[in-house]
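Engineer: If it helps, the file is called query-v1.txt and holds compact mmCIF, C-alpha atoms and all ligand atoms:
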```
# COMPACT_ATOMS: atom_id res chain seq x y z
CA MET A 342 21.88 -25.44 -27.87
CA ASN A 343 24.30 -25.91 -24.99
CA ASP A 344 24.98 -23.26 -22.37
CA THR A 345 22.45 -20.49 -23.07
CA ARG A 346 22.56 -18.68 -19.74
CA PHE A 347 24.13 -15.61 -21.36
CA LEU A 348 20.85 -15.04 -23.21
CA ASP A 349 19.28 -14.11 -19.87
CA TRP A 350 21.64 -11.14 -19.51
CA PRO A 351 19.82 -7.81 -19.40
CA PHE A 352 21.48 -6.70 -22.65
CA PHE A 353 19.06 -8.92 -24.57
CA GLU A 354 15.30 -8.77 -25.12
CA GLU A 355 12.90 -11.66 -25.62
CA ARG A 356 13.10 -11.29 -29.43
CA HIS A 357 16.87 -11.84 -29.24
CA ARG A 358 16.46 -14.98 -27.15
CA THR A 359 13.91 -16.32 -29.63
CA LEU A 360 16.18 -15.53 -32.58
CA ALA A 361 19.16 -17.29 -30.99
CA ARG A 362 17.16 -20.40 -30.05
CA GLU A 363 15.34 -20.71 -33.38
CA LEU A 364 18.47 -20.10 -35.45
CA ASP A 365 20.39 -22.64 -33.38
CA ALA A 366 17.74 -25.30 -34.10
CA TRP A 367 17.76 -24.37 -37.79
CA ALA A 368 21.56 -24.46 -38.01
CA LYS A 369 21.66 -27.86 -36.30
CA ALA A 370 19.35 -29.21 -38.98
CA ASN A 371 20.76 -27.35 -41.99
CA VAL A 372 24.51 -26.67 -41.77
CA ALA A 373 27.50 -28.79 -40.88
CA HIS A 374 30.76 -27.44 -39.51
CA ALA A 375 33.13 -28.72 -42.17
CA HIS A 376 33.54 -27.06 -45.57
CA GLY A 377 32.69 -28.96 -48.71
CA ALA A 378 35.17 -29.27 -51.57
CA ASP A 379 33.53 -26.55 -53.67
CA VAL A 380 33.22 -23.47 -51.44
CA ASP A 381 31.60 -21.36 -54.16
CA ALA A 382 28.77 -23.85 -54.63
CA GLU A 383 28.41 -24.35 -50.90
CA CYS A 384 28.32 -20.62 -50.31
CA ARG A 385 25.61 -20.09 -52.93
CA THR A 386 23.57 -22.90 -51.32
CA LEU A 387 24.04 -21.40 -47.86
CA VAL A 388 22.96 -17.91 -48.98
CA LYS A 389 19.81 -19.35 -50.57
CA ALA A 390 19.05 -21.45 -47.48
CA LEU A 391 19.65 -18.53 -45.10
CA GLY A 392 17.38 -16.39 -47.27
CA ALA A 393 14.64 -19.02 -47.46
CA GLY A 394 14.86 -19.47 -43.69
CA GLY A 395 14.24 -15.73 -43.21
CA TRP A 396 17.54 -15.18 -41.36
CA LEU A 397 19.01 -12.72 -43.86
CA ARG A 398 16.22 -10.25 -43.04
CA HIS A 399 18.37 -9.35 -40.03
CA ALA A 400 21.31 -8.46 -42.30
CA VAL A 401 19.51 -5.60 -44.10
CA GLY A 402 17.82 -2.44 -42.84
CA GLY A 403 14.26 -1.33 -43.68
CA VAL A 404 11.08 -3.38 -43.26
CA GLU A 405 9.77 -2.16 -46.64
CA TYR A 406 12.92 -3.56 -48.26
CA GLY A 407 12.68 -7.00 -46.70
CA GLY A 408 14.55 -6.21 -43.47
CA ALA A 409 13.50 -7.53 -40.06
CA ALA A 410 13.52 -3.96 -38.69
CA ASP A 411 13.93 -0.39 -39.90
CA ALA A 412 17.57 -0.32 -38.88
CA ILE A 413 20.04 -3.17 -38.58
CA ASP A 414 19.85 -4.41 -34.99
CA THR A 415 23.39 -5.03 -33.74
CA ARG A 416 22.38 -7.54 -31.08
CA SER A 417 20.48 -9.57 -33.69
CA ILE A 418 23.38 -9.72 -36.15
CA CYS A 419 25.75 -10.55 -33.30
CA LEU A 420 23.59 -13.41 -32.02
CA ALA A 421 23.04 -14.65 -35.57
CA ARG A 422 26.79 -14.70 -36.30
CA GLU A 423 27.68 -16.23 -32.94
CA THR A 424 25.12 -18.98 -33.45
CA LEU A 425 26.05 -19.73 -37.06
CA ALA A 426 29.79 -19.67 -36.27
CA ARG A 427 29.23 -22.38 -33.65
CA HIS A 428 27.89 -24.63 -36.39
CA SER A 429 29.73 -23.58 -39.57
CA GLY A 430 32.34 -20.97 -40.43
CA LEU A 431 31.03 -20.79 -43.97
CA ALA A 432 27.43 -20.25 -42.85
CA ASP A 433 28.59 -17.37 -40.67
CA PHE A 434 30.57 -16.00 -43.62
CA ALA A 435 27.55 -16.24 -45.95
CA PHE A 436 25.35 -14.36 -43.44
CA ALA A 437 27.99 -11.75 -42.59
CA MET A 438 28.81 -10.89 -46.18
CA GLN A 439 25.16 -10.37 -47.12
CA GLY A 440 25.13 -7.75 -44.36
CA LEU A 441 28.54 -6.15 -44.95
CA GLY A 442 28.19 -6.26 -48.74
CA SER A 443 24.82 -4.52 -48.74
CA GLY A 444 25.45 -2.47 -45.57
CA ALA A 445 26.33 0.72 -47.45
CA ILE A 446 22.99 0.49 -49.30
CA SER A 447 21.04 -0.12 -46.06
CA LEU A 448 22.78 2.83 -44.40
CA ALA A 449 23.14 5.39 -47.20
CA GLY A 450 21.44 4.11 -50.38
CA THR A 451 18.69 5.95 -52.23
CA PRO A 452 15.15 4.46 -52.03
CA ALA A 453 15.64 3.18 -55.62
CA GLN A 454 18.96 1.49 -54.73
CA LYS A 455 17.42 -0.06 -51.64
CA ALA A 456 14.40 -1.32 -53.58
CA ALA A 457 16.63 -2.76 -56.31
CA TRP A 458 18.95 -4.76 -54.06
CA LEU A 459 17.93 -5.16 -50.42
CA PRO A 460 14.87 -7.43 -50.92
CA ARG A 461 16.97 -9.74 -53.11
CA VAL A 462 19.80 -9.77 -50.56
CA ALA A 463 17.32 -10.59 -47.80
CA ARG A 464 15.80 -13.43 -49.82
CA GLY A 465 19.24 -14.84 -50.64
CA GLU A 466 18.76 -14.19 -54.36
CA ALA A 467 21.59 -11.68 -54.79
CA ILE A 468 25.01 -12.26 -53.24
CA ALA A 469 26.69 -9.10 -51.94
CA ALA A 470 30.35 -8.02 -51.72
CA PHE A 471 32.23 -5.12 -50.13
CA ALA A 472 35.25 -3.96 -52.15
CA LEU A 473 37.46 -1.57 -50.19
CA SER A 474 40.93 -3.12 -49.79
CA GLU A 475 43.70 -2.87 -52.38
CA PRO A 476 47.18 -4.35 -52.67
CA ASP A 477 48.66 -1.09 -51.26
CA ALA A 478 45.73 0.00 -49.11
CA GLY A 479 44.73 -2.45 -46.37
CA SER A 480 44.97 -1.10 -42.82
CA ASP A 481 45.75 2.32 -44.34
CA VAL A 482 42.54 2.31 -46.32
CA ALA A 483 42.47 6.03 -47.07
CA ALA A 484 45.51 5.38 -49.32
CA LEU A 485 43.32 3.61 -51.88
CA ALA A 486 44.22 4.28 -55.51
CA CYS A 487 41.53 2.55 -57.60
CA ALA A 488 39.99 5.59 -59.31
CA ALA A 489 36.93 6.78 -61.20
CA ARG A 490 36.59 9.73 -63.58
CA ILE A 491 33.20 11.18 -64.44
CA ASP A 492 32.14 10.90 -68.07
CA GLY A 493 28.65 12.33 -68.66
CA ASP A 494 26.21 10.34 -66.57
CA HIS A 495 28.72 7.57 -65.85
CA ALA A 496 31.71 7.00 -63.57
CA VAL A 497 34.54 5.17 -65.30
CA LEU A 498 36.48 2.89 -62.95
CA ASP A 499 40.10 1.81 -63.39
CA GLY A 500 42.26 -0.08 -60.88
CA GLU A 501 42.33 -3.10 -58.58
CA LYS A 502 40.69 -4.34 -55.41
CA THR A 503 41.96 -7.34 -53.47
CA TRP A 504 40.84 -9.69 -50.69
CA ILE A 505 37.26 -9.30 -51.84
CA SER A 506 35.05 -11.84 -50.11
CA ASN A 507 32.43 -13.33 -52.44
CA GLY A 508 34.61 -12.18 -55.38
CA GLY A 509 33.50 -14.28 -58.32
CA ILE A 510 30.09 -15.32 -56.96
CA ALA A 511 28.63 -11.93 -55.99
CA GLY A 512 25.73 -10.43 -57.93
CA PHE A 513 27.00 -6.94 -57.08
CA TYR A 514 29.99 -5.23 -55.49
CA VAL A 515 29.95 -2.04 -53.42
CA VAL A 516 33.22 -0.50 -54.61
CA PHE A 517 35.06 2.42 -53.01
CA VAL A 518 37.12 4.46 -55.47
CA ARG A 519 39.09 7.68 -55.56
CA THR A 520 37.05 10.41 -57.26
CA GLY A 521 39.32 13.27 -56.23
CA GLU A 522 36.89 15.85 -54.74
CA ALA A 523 39.52 16.50 -52.03
CA PRO A 524 42.81 14.92 -50.98
CA GLY A 525 42.84 11.70 -48.91
CA ALA A 526 39.71 10.29 -47.29
CA ARG A 527 37.47 13.13 -48.54
CA GLY A 528 38.08 12.26 -52.19
CA ILE A 529 36.50 8.80 -52.25
CA SER A 530 33.06 7.73 -53.53
CA ALA A 531 31.11 4.46 -53.34
CA PHE A 532 29.43 2.76 -56.32
CA ILE A 533 27.28 -0.32 -56.82
CA VAL A 534 28.86 -2.36 -59.63
CA GLU A 535 26.82 -5.26 -60.93
CA ALA A 536 28.60 -8.50 -61.77
CA GLY A 537 28.89 -8.79 -65.53
CA THR A 538 29.42 -5.04 -66.06
CA PRO A 539 31.91 -4.76 -68.95
CA GLY A 540 35.34 -3.83 -67.62
CA LEU A 541 34.95 -5.71 -64.31
CA GLU A 542 36.91 -8.95 -64.21
CA ILE A 543 37.94 -11.45 -61.55
CA ALA A 544 41.70 -11.06 -61.94
CA GLU A 545 42.70 -13.81 -59.54
CA ARG A 546 41.23 -16.26 -57.06
CA ILE A 547 42.86 -16.16 -53.62
CA GLU A 548 43.13 -19.37 -51.59
CA VAL A 549 43.27 -18.88 -47.81
CA ILE A 550 43.65 -21.20 -44.80
CA ALA A 551 39.90 -21.36 -44.17
CA PRO A 552 38.59 -21.52 -47.75
CA HIS A 553 35.85 -19.17 -48.80
CA PRO A 554 35.16 -17.28 -52.04
CA LEU A 555 37.86 -14.60 -52.21
CA ALA A 556 39.28 -12.77 -55.21
CA LYS A 557 41.18 -9.87 -56.65
CA LEU A 558 39.04 -7.65 -58.92
CA ARG A 559 40.27 -5.59 -61.85
CA PHE A 560 38.43 -2.60 -63.32
CA THR A 561 39.37 -1.46 -66.82
CA ASN A 562 37.40 1.40 -68.34
CA CYS A 563 34.39 0.09 -66.39
CA HIS A 564 31.34 2.35 -66.94
CA VAL A 565 28.94 2.59 -64.00
CA PRO A 566 25.82 4.82 -64.11
CA LEU A 567 26.08 7.74 -61.69
CA ASN A 568 22.73 6.79 -60.17
CA GLN A 569 24.57 3.79 -58.70
CA ARG A 570 26.69 6.05 -56.49
CA ILE A 571 25.92 5.54 -52.78
CA GLY A 572 25.96 8.86 -50.93
CA GLY A 573 27.30 12.08 -52.42
CA PRO A 574 30.56 12.65 -54.33
CA GLY A 575 33.47 12.38 -51.89
CA GLU A 576 31.34 10.72 -49.19
CA GLY A 577 32.53 7.16 -49.86
CA PHE A 578 35.02 6.95 -47.00
CA LYS A 579 32.35 8.04 -44.52
CA VAL A 580 29.98 5.42 -45.97
CA ALA A 581 32.67 2.72 -45.70
CA MET A 582 33.44 3.62 -42.08
CA ARG A 583 29.74 3.68 -41.12
CA THR A 584 29.34 0.24 -42.69
CA LEU A 585 32.38 -1.18 -40.91
CA ASP A 586 31.25 0.42 -37.61
CA THR A 587 27.91 -1.32 -37.94
CA PHE A 588 29.45 -4.74 -38.48
CA ARG A 589 32.67 -4.60 -36.39
CA THR A 590 31.04 -5.90 -33.21
CA SER A 591 29.61 -8.80 -35.20
CA VAL A 592 33.15 -9.96 -36.11
CA ALA A 593 33.74 -10.25 -32.37
CA ALA A 594 30.49 -12.21 -32.07
CA ALA A 595 31.61 -14.68 -34.75
CA ALA A 596 34.89 -15.20 -32.89
CA LEU A 597 32.85 -15.83 -29.77
CA GLY A 598 30.83 -18.48 -31.60
CA PHE A 599 34.03 -20.23 -32.69
CA ALA A 600 35.36 -20.10 -29.12
CA ARG A 601 32.12 -21.49 -27.65
CA ARG A 602 32.24 -24.39 -30.09
CA ALA A 603 35.89 -25.02 -29.13
CA LEU A 604 35.01 -25.14 -25.44
CA ASP A 605 32.17 -27.59 -26.17
CA GLU A 606 34.61 -29.78 -28.09
CA ALA A 607 37.19 -29.54 -25.30
CA LEU A 608 34.67 -30.50 -22.62
CA ALA A 609 33.44 -33.43 -24.69
CA ARG A 610 36.99 -34.73 -25.10
CA ALA A 611 38.19 -34.03 -21.57
CA THR A 612 35.26 -35.85 -19.95
CA THR A 613 35.55 -38.97 -22.12
CA ARG A 614 39.25 -39.44 -22.94
CA LYS A 615 40.80 -41.97 -20.52
CA MET A 616 44.49 -41.86 -19.68
CA PHE A 617 46.63 -42.88 -16.70
CA GLY A 618 43.59 -44.53 -15.11
CA GLN A 619 41.32 -41.47 -15.14
CA HIS A 620 39.72 -38.95 -17.48
CA LEU A 621 41.63 -36.02 -18.99
CA ALA A 622 39.23 -33.69 -17.13
CA ASP A 623 40.33 -35.14 -13.77
CA PHE A 624 43.78 -33.58 -14.06
CA GLN A 625 44.17 -30.18 -12.46
CA LEU A 626 46.24 -29.00 -15.41
CA THR A 627 43.21 -29.64 -17.62
CA GLN A 628 40.88 -27.93 -15.18
CA ALA A 629 43.09 -24.83 -15.19
CA LYS A 630 42.85 -24.73 -18.98
CA LEU A 631 39.06 -25.17 -18.93
CA ALA A 632 38.68 -22.42 -16.32
CA GLN A 633 40.77 -20.03 -18.40
CA MET A 634 38.82 -20.86 -21.57
CA ALA A 635 35.43 -20.30 -19.92
CA THR A 636 36.58 -17.02 -18.36
CA THR A 637 38.03 -15.76 -21.66
CA ILE A 638 34.72 -16.57 -23.36
CA ASP A 639 32.56 -14.85 -20.76
CA SER A 640 34.79 -11.74 -20.76
CA ALA A 641 34.52 -11.50 -24.54
CA ALA A 642 30.78 -12.21 -24.45
CA LEU A 643 30.21 -9.37 -21.98
CA LEU A 644 32.21 -6.93 -24.13
CA VAL A 645 30.31 -7.98 -27.27
CA ALA A 646 26.93 -7.67 -25.55
CA ARG A 647 27.84 -4.23 -24.13
CA ALA A 648 28.99 -2.85 -27.49
CA ALA A 649 25.93 -4.23 -29.33
CA TRP A 650 23.48 -3.01 -26.67
CA GLN A 651 25.00 0.48 -26.54
CA ARG A 652 24.97 0.70 -30.34
CA ASP A 653 21.30 -0.29 -30.46
CA ARG A 654 20.64 2.55 -28.00
CA GLY A 655 22.11 4.94 -30.56
CA GLU A 656 25.39 5.50 -28.74
CA ILE A 657 28.78 5.86 -30.45
CA VAL A 658 30.70 2.68 -29.64
CA THR A 659 34.12 3.29 -31.21
CA ARG A 660 35.98 2.23 -28.07
CA GLU A 661 33.56 -0.50 -27.02
CA ALA A 662 33.45 -2.19 -30.45
CA ALA A 663 37.26 -2.08 -30.72
CA MET A 664 37.59 -3.66 -27.26
CA ALA A 665 35.06 -6.35 -28.17
CA LYS A 666 36.77 -7.17 -31.46
CA MET A 667 40.24 -7.32 -29.95
CA ALA A 668 39.27 -9.34 -26.86
CA ALA A 669 36.99 -11.78 -28.67
CA THR A 670 39.25 -12.55 -31.64
CA GLU A 671 42.48 -12.78 -29.65
CA GLY A 672 40.72 -14.73 -26.87
CA ALA A 673 39.10 -17.15 -29.33
CA GLN A 674 42.49 -17.94 -30.84
CA GLN A 675 43.74 -18.96 -27.36
CA VAL A 676 40.60 -20.95 -26.51
CA ILE A 677 40.72 -22.83 -29.81
CA ASP A 678 44.42 -23.57 -29.42
CA ALA A 679 43.80 -25.01 -25.94
CA ALA A 680 40.91 -27.13 -27.25
CA LEU A 681 43.06 -28.48 -30.07
CA GLN A 682 45.80 -29.36 -27.57
CA MET A 683 43.32 -31.42 -25.53
CA TRP A 684 42.33 -33.37 -28.62
CA GLY A 685 45.97 -34.38 -29.15
CA GLY A 686 46.73 -35.90 -32.55
CA LEU A 687 43.08 -35.95 -33.50
CA GLY A 688 43.04 -32.17 -33.11
CA VAL A 689 45.30 -31.66 -36.10
CA THR A 690 43.46 -34.17 -38.26
CA HIS A 691 42.11 -32.50 -41.37
CA GLY A 692 38.35 -31.94 -41.13
CA HIS A 693 38.13 -32.31 -37.33
CA PRO A 694 36.03 -29.49 -35.82
CA VAL A 695 38.91 -28.08 -33.74
CA GLU A 696 41.28 -28.22 -36.72
CA SER A 697 38.74 -26.33 -38.79
CA LEU A 698 38.20 -23.76 -35.98
CA TYR A 699 41.97 -23.30 -35.72
CA ARG A 700 42.03 -22.19 -39.36
CA GLU A 701 38.73 -20.27 -39.28
CA ILE A 702 39.66 -17.91 -36.46
CA ARG A 703 42.96 -16.66 -37.85
CA ALA A 704 41.73 -14.12 -40.40
CA LEU A 705 39.35 -12.46 -37.89
CA ARG A 706 42.38 -10.99 -36.10
CA ILE A 707 43.32 -9.25 -39.36
CA TYR A 708 40.25 -8.16 -41.29
CA GLU A 709 37.91 -5.25 -40.51
CA GLY A 710 40.77 -3.69 -38.54
CA ALA A 711 43.72 -5.80 -37.33
CA THR A 712 44.24 -6.12 -33.57
CA GLU A 713 46.94 -3.44 -33.66
CA VAL A 714 44.47 -1.04 -35.28
CA GLN A 715 41.93 -1.79 -32.51
CA GLN A 716 44.65 -1.13 -29.90
CA LEU A 717 45.35 2.26 -31.45
CA ILE A 718 41.63 3.10 -31.51
CA ILE A 719 41.18 2.18 -27.85
CA ALA A 720 44.27 4.15 -26.79
CA ARG A 721 43.22 7.17 -28.87
CA GLU A 722 39.77 7.19 -27.25
CA LEU A 723 41.29 6.88 -23.77
CA LEU A 724 43.71 9.75 -24.39
CA LYS A 725 40.91 11.88 -25.85
CA ASP A 726 38.98 11.36 -22.60
CA VAL A 727 42.00 12.43 -20.56
CA ALA A 728 42.50 15.53 -22.74
CA ALA A 729 38.81 16.42 -22.37
CA ARG A 730 39.06 16.18 -18.56
CA THR A 731 42.17 18.36 -18.24
C1 LIG A 801 40.00 -13.67 -45.31
C2 LIG A 801 39.95 -12.22 -45.61
C3 LIG A 801 38.78 -11.64 -46.12
C4 LIG A 801 38.74 -10.29 -46.45
N1 LIG A 801 37.60 -9.76 -47.00
C5 LIG A 801 37.61 -8.47 -47.41
C6 LIG A 801 36.48 -7.92 -48.10
O1 LIG A 801 35.47 -8.60 -48.31
N2 LIG A 801 36.55 -6.64 -48.54
C7 LIG A 801 37.65 -5.85 -48.33
O2 LIG A 801 37.64 -4.71 -48.75
N3 LIG A 801 38.74 -6.34 -47.68
C8 LIG A 801 38.74 -7.63 -47.21
N4 LIG A 801 39.84 -8.14 -46.56
C9 LIG A 801 41.03 -7.30 -46.41
C10 LIG A 801 41.33 -6.90 -44.98
O3 LIG A 801 40.45 -5.92 -44.55
C11 LIG A 801 42.80 -6.49 -44.93
O4 LIG A 801 43.56 -7.68 -45.05
C12 LIG A 801 43.14 -5.75 -43.66
O5 LIG A 801 42.61 -4.47 -43.68
C13 LIG A 801 44.66 -5.66 -43.49
O6 LIG A 801 45.23 -5.12 -44.63
P1 LIG A 801 46.52 -5.82 -45.29
O7 LIG A 801 46.22 -7.27 -45.48
O8 LIG A 801 46.94 -5.03 -46.45
O9 LIG A 801 47.62 -5.75 -44.16
P2 LIG A 801 48.52 -4.47 -43.81
O10 LIG A 801 47.73 -3.23 -43.85
O11 LIG A 801 49.78 -4.55 -44.60
O12 LIG A 801 48.83 -4.79 -42.29
C14 LIG A 801 49.70 -5.88 -41.94
C15 LIG A 801 49.79 -5.97 -40.44
O13 LIG A 801 50.38 -4.80 -39.94
C16 LIG A 801 49.94 -4.60 -38.62
N5 LIG A 801 49.50 -3.21 -38.48
C17 LIG A 801 48.55 -2.55 -39.18
N6 LIG A 801 48.43 -1.29 -38.77
C18 LIG A 801 49.38 -1.12 -37.81
C19 LIG A 801 49.79 -0.04 -37.00
N7 LIG A 801 49.20 1.17 -37.11
N8 LIG A 801 50.78 -0.22 -36.10
C20 LIG A 801 51.39 -1.43 -35.98
N9 LIG A 801 51.04 -2.49 -36.70
C21 LIG A 801 50.06 -2.34 -37.60
C22 LIG A 801 48.82 -5.59 -38.34
O14 LIG A 801 49.33 -6.69 -37.59
C23 LIG A 801 48.45 -6.07 -39.71
O15 LIG A 801 47.94 -7.38 -39.71
C24 LIG A 801 39.88 -9.49 -46.22
C25 LIG A 801 41.05 -10.06 -45.68
C26 LIG A 801 41.09 -11.40 -45.38
C27 LIG A 801 42.36 -11.98 -44.82
```
The structure given in the file should be rewritten as structure tokens.

Structural biologist:
Amino acid sequence: MNDTRFLDWPFFEERHRTLARELDAWAKANVAHAHGADVDAECRTLVKALGAGGWLRHAVGGVEYGGAADAIDTRSICLARETLARHSGLADFAFAMQGLGSGAISLAGTPAQKAAWLPRVARGEAIAAFALSEPDAGSDVAALACAARIDGDHAVLDGEKTWISNGGIAGFYVVFVRTGEAPGARGISAFIVEAGTPGLEIAERIEVIAPHPLAKLRFTNCHVPLNQRIGGPGEGFKVAMRTLDTFRTSVAAAALGFARRALDEALARATTRKMFGQHLADFQLTQAKLAQMATTIDSAALLVARAAWQRDRGEIVTREAAMAKMAATEGAQQVIDAALQMWGGLGVTHGHPVESLYREIRALRIYEGATEVQQLIIARELLKDVAART
């Protein structure tokens, strides 16, 4: 572990410092930064290893269901993602998706649903997926059209979901569908759909710049028992938003991990690369870049820590989480770009850590609320405050 002074900040407790240090040592020994050729196989291996190591306990809620605590601890998932992201984008992805994919069950599942899935998610035996987005419902998620009609004691799903992480390797999908109790967001319900359920097919694999398992799903007359509904009829949108709220700050933490790794790589290069009779780090232009990178990282780290700490105190962190996600993902993109520039030609060599970081960071500015969506959230909260004061 390199610079760990941030762990001494008052936002963290001793258990967080221990988690970060132990996970860092584990990740050093068990995961490499580069992706293998077969991301599906590598992802399955990572989920098993993270489960066997006990790390996935932090991704689920409820001690009796295999969780590390009764509720998901935001600071723990943030530190876990930040640490894993420093070592491997795919390891961070594997951890994050176990949490996001099972998050609706941790937050709103029945005791039977929790008992059926959460212990297996925590042990790395069942891979989880979160299926909300559709071809015509991304940022505007309440526009989703994939629908379910009720037939006796089953819901019958028809439609498509796209951009589904872990699509094709997941053991179960938490799927949000229109059930029509009311117009818009109040007419959506959430269901657990097991892989292999007749009528669920992987319609298409999607290849992205930082490869990970990703697919479009198609539901055709897919019968799902009603006891696999999470929350009440029409409560699916609320369940989806609660899940995303729980994990949004952790996206910022992953970006922070990528940025920290980029700064480490930049420092290593700048202090060893000789040119014009001195080291790259001896030039003031380089020092200005390093200063900016370190300041961007610390600003993002403080925003992430604040949002996570406030959330763990039970506060609503709509504004704080949006600020953390926007600052950390946008800042990480700049830090990584500067690190790549310092590495020169080597920086764009396929498989080099900074090249891989350059690809890894991009999607974080889009998913779980694009930067523009975060800007709107922050502005809305600010204007609400003004209206409340006048
Ligand atoms: C790698 C990856 C993994 C993903 N994994 C999952 C998953 O596991 N499950 C899942 O359900 N979804 C997943 N998604 C989908 C993701 O959440 C959506 O891509 C995201 O919500 C954006 O939707 P969209 O792609 O349809 O873009 P659009 O909604 O078409 O938005 C396009 C762009 O418009 C801009 N924009 C959006 N809103 C506004 C606004 N109000 N004002 C101005 N500009 C705006 C933003 O720049 C945005 O990037 C994943 C996406 C990616 C890329």

Engineer: Work out how far apart CA of Gly403 in chain A and CA of Leu459 in chain A are and give it in Å to one decimal.

Structural biologist: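 Interatomic distance, CA of Gly403 in chain A to CA of Leu459 in chain A: 8.6 Å.
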
Engineer: Quick one, how far is CA of Leu397 in chain A from CA of Phe513 in chain A?

Structural biologist: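 Between these atoms lies a distance of 16.5 Å.
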
Engineer: Which of these residues is nearest to Gln569 in chain A, using only C-alpha atoms: A:Ala596, A:Ala472, A:Ala449, A:Leu541?

Structural biologist: A:Ala449

Engineer: Please compute the CA of Ala373 in chain A-atom C13 of ligand LIG 801 (chain A) distance, one decimal, in Å.

Structural biologist: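 Separation between CA of Ala373 in chain A and atom C13 of ligand LIG 801 (chain A): 28.9 Å.
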
Engineer: Can you tell me, as a PyMOL selection string, what residues are no more than 10 Å from Asp492 in chain A when counting all atoms listed in the file, ignoring any on the same chain fewer than 2 positions away?

Structural biologist: chain A and resi 489-490+494-497+564-567

Engineer: What residues have any atom no more than 10 Å from ligand LIG 801 (chain A) when counting all atoms listed in the file, and can you list them as an mmCIF file with C-alpha atoms, keeping the file's coordinate frame?

Structural biologist:
```
data_model
loop_
_atom_site.group_PDB
_atom_site.id
_atom_site.type_symbol
_atom_site.label_atom_id
_atom_site.label_comp_id
_atom_site.auth_asym_id
_atom_site.auth_seq_id
_atom_site.Cartn_x
_atom_site.Cartn_y
_atom_site.Cartn_z
ATOM 1 C CA PHE A 434 30.570 -16.000 -43.620
ATOM 2 C CA ALA A 437 27.990 -11.750 -42.590
ATOM 3 C CA MET A 438 28.810 -10.890 -46.180
ATOM 4 C CA LEU A 441 28.540 -6.150 -44.950
ATOM 5 C CA GLY A 442 28.190 -6.260 -48.740
ATOM 6 C CA ALA A 469 26.690 -9.100 -51.940
ATOM 7 C CA ALA A 470 30.350 -8.020 -51.720
ATOM 8 C CA PHE A 471 32.230 -5.120 -50.130
ATOM 9 C CA ALA A 472 35.250 -3.960 -52.150
ATOM 10 C CA LEU A 473 37.460 -1.570 -50.190
ATOM 11 C CA SER A 474 40.930 -3.120 -49.790
ATOM 12 C CA GLU A 475 43.700 -2.870 -52.380
ATOM 13 C CA PRO A 476 47.180 -4.350 -52.670
ATOM 14 C CA ASP A 477 48.660 -1.090 -51.260
ATOM 15 C CA ALA A 478 45.730 0.000 -49.110
ATOM 16 C CA GLY A 479 44.730 -2.450 -46.370
ATOM 17 C CA SER A 480 44.970 -1.100 -42.820
ATOM 18 C CA ASP A 481 45.750 2.320 -44.340
ATOM 19 C CA VAL A 482 42.540 2.310 -46.320
ATOM 20 C CA LYS A 502 40.690 -4.340 -55.410
ATOM 21 C CA THR A 503 41.960 -7.340 -53.470
ATOM 22 C CA TRP A 504 40.840 -9.690 -50.690
ATOM 23 C CA ILE A 505 37.260 -9.300 -51.840
ATOM 24 C CA SER A 506 35.050 -11.840 -50.110
ATOM 25 C CA ASN A 507 32.430 -13.330 -52.440
ATOM 26 C CA GLY A 508 34.610 -12.180 -55.380
ATOM 27 C CA TYR A 514 29.990 -5.230 -55.490
ATOM 28 C CA VAL A 515 29.950 -2.040 -53.420
ATOM 29 C CA VAL A 516 33.220 -0.500 -54.610
ATOM 30 C CA PHE A 517 35.060 2.420 -53.010
ATOM 31 C CA ILE A 547 42.860 -16.160 -53.620
ATOM 32 C CA GLU A 548 43.130 -19.370 -51.590
ATOM 33 C CA VAL A 549 43.270 -18.880 -47.810
ATOM 34 C CA ILE A 550 43.650 -21.200 -44.800
ATOM 35 C CA ALA A 551 39.900 -21.360 -44.170
ATOM 36 C CA PRO A 552 38.590 -21.520 -47.750
ATOM 37 C CA HIS A 553 35.850 -19.170 -48.800
ATOM 38 C CA PRO A 554 35.160 -17.280 -52.040
ATOM 39 C CA LEU A 555 37.860 -14.600 -52.210
ATOM 40 C CA ALA A 556 39.280 -12.770 -55.210
ATOM 41 C CA LYS A 557 41.180 -9.870 -56.650
ATOM 42 C CA ALA A 581 32.670 2.720 -45.700
ATOM 43 C CA GLU A 701 38.730 -20.270 -39.280
ATOM 44 C CA ILE A 702 39.660 -17.910 -36.460
ATOM 45 C CA ARG A 703 42.960 -16.660 -37.850
ATOM 46 C CA ALA A 704 41.730 -14.120 -40.400
ATOM 47 C CA LEU A 705 39.350 -12.460 -37.890
ATOM 48 C CA ARG A 706 42.380 -10.990 -36.100
ATOM 49 C CA ILE A 707 43.320 -9.250 -39.360
ATOM 50 C CA TYR A 708 40.250 -8.160 -41.290
ATOM 51 C CA GLU A 709 37.910 -5.250 -40.510
ATOM 52 C CA GLY A 710 40.770 -3.690 -38.540
ATOM 53 C CA ALA A 711 43.720 -5.800 -37.330
ATOM 54 C CA THR A 712 44.240 -6.120 -33.570
ATOM 55 C CA GLU A 713 46.940 -3.440 -33.660
ATOM 56 C CA VAL A 714 44.470 -1.040 -35.280
ATOM 57 C CA GLN A 715 41.930 -1.790 -32.510
ATOM 58 C CA GLN A 716 44.650 -1.130 -29.900
ATOM 59 C CA LEU A 717 45.350 2.260 -31.450
ATOM 60 C CA ILE A 718 41.630 3.100 -31.510
#
```

Engineer: Which residues are close to range 353-365 of chain A, i.e. within 8 Å by only C-alpha atoms, leaving aside same-chain residues fewer than 4 positions away? Reply as a PyMOL selection string.

Structural biologist: chain A and resi 342+348-349+369+396+416-417+420-421+424-425+650
